[in-house]
Amino acid sequence: MNASLRFSVVLFAFVVGFAAVRGADLRDALVFHAPFDASADAAFARGDRRVFTAVDRAKRDAAAPGLPSDGTARLASGAGRFGGALEFRGATKQQVFFRGPANVGFVAGPWSGSVSLWLRLDPDRDLAPGYCDPFQFVGAKWGDGALFVEFTKDHNPRHFRYGIFPVTKFWNPQNKKLEEMADTERPMVPVRRPIFGRDRWTHILVTFANLNSGRADGRGALYVDGERIGASEGWNHTFNWADPAQTALTLGLNYTGLIDDVAIFDRELTAAEARVIFALPRGIAQLHSPQP
């Protein structure tokens, strides 16, 4: 498909899709949006809009506002899917994050939501060894529950996965090694075929529902470029976020590449809404900012 035809198809999908989901009111569901244009701080947020950098994941309380001083993460003007982008330039122990709980839409339960972002990288050429998490929802400790997308460490090509890990006893009571478990044993949605590249932006949208319901009805779905890839269902997604003030949205852990237009919604978006967000001509800003 040539570029002009593809643009026409995307534009048509946006016009038809936006009209179909207008009643659902994406604008009211928006919790957080960081476009990374003039600033690394969020442009829209229910919580603190400032980005912070901690020297490591255990020291978020003492984190300073702003991006890392060593340049391992910086604004890249004009390099984004829409305007600027956040560029990570190599693995670092420092942690770039936005404070929760309001910015991740957290409620004690049942908790539902969605996360949208754009990524641009070649995982097999750009990433350092080890797991890489472009974004995470985390509490004080990893074992208390986390929601994330990741690139695996040992596969070639590297796999991409969406995971919702509740308190360990609810999903891995025998404490098995992650990579030795079958897909059905892990609350994850895997993508084994390459979907990323240095020459293209890839849109990722994940949804989740019924976290902290106390029942085995938790679920999550992964969409890539507006298309549903798969889902994980039937889990007891109990998180132990006893102190919500310790929660965070972290970005770019062990990541090398570009991230743009990060957005969080306070409900599980539909397949039609996922397609609309992928096709927004101006990105998430179109939901909360007037047309310039």
# chains A, B, ... in the order shown; residues from 1 in each chain; ligands from 1
call {"tool": "residues_around", "arguments": {"residues": "A:Val138", "least_positions_apart": "3", "cutoff": "6 Å", "atoms": "only C-alpha atoms", "output": "list in words"}}
result
Ala146, Thr247 and Ala248 of chain A
call {"tool": "residues_around", "arguments": {"residues": "A:Arg125", "least_positions_apart": "4", "cutoff": "12 Å", "atoms": "only C-alpha atoms", "output": "number ranges by chain"}}
result
A: 121, 129, 156-158, 196-198, 255-257
call {"tool": "residues_around", "arguments": {"residues": "A:Leu119", "least_positions_apart": "3", "cutoff": "10 Å", "atoms": "only C-alpha atoms", "output": "PyMOL selection string"}}
result
chain A and resi 80-81+85-86+122+134+196-198+200-204+257-262
call {"tool": "atom_distance", "arguments": {"atom1": "atom CA of A:Ala128", "atom2": "atom CA of A:Asp154"}}
result
11.1 Å
call {"tool": "select_by_dssp", "arguments": {"residues": "stretch 172-227 of chain A", "states": "strand (DSSP E or B)", "output": "list of chain:residue names"}}
result
A:Met188, A:Val189, A:Pro190, A:Val191, A:Gly197, A:Arg200, A:Thr202, A:His203, A:Ile204, A:Leu205, A:Val206, A:Thr207, A:Phe208, A:Ala209, A:Asn210, A:Leu211, A:Gly218, A:Arg219, A:Gly220, A:Ala221, A:Leu222, A:Tyr223, A:Val224, A:Glu227
call {"tool": "atom_distance", "arguments": {"atom1": "atom CA of A:Phe36", "atom2": "atom CA of A:Ala263"}}
result
11.4 Å
call {"tool": "residues_around", "arguments": {"residues": "A:Ser232", "least_positions_apart": "4", "cutoff": "10 Å", "atoms": "only C-alpha atoms", "output": "ChimeraX atom specification"}}
result
/A:162-164,183-184,186-190,208,218-222
call {"tool": "closest_residue", "arguments": {"among": "A:Asn212, A:His237, A:Trp111, A:Asp199", "to": "A:Lys169", "atoms": "only C-alpha atoms"}}
result
A:His237
call {"tool": "closest_residue", "arguments": {"among": "A:Trp235, A:Phe97, A:Trp241, A:Phe151", "to": "A:Arg192", "atoms": "only C-alpha atoms"}}
result
A:Phe151
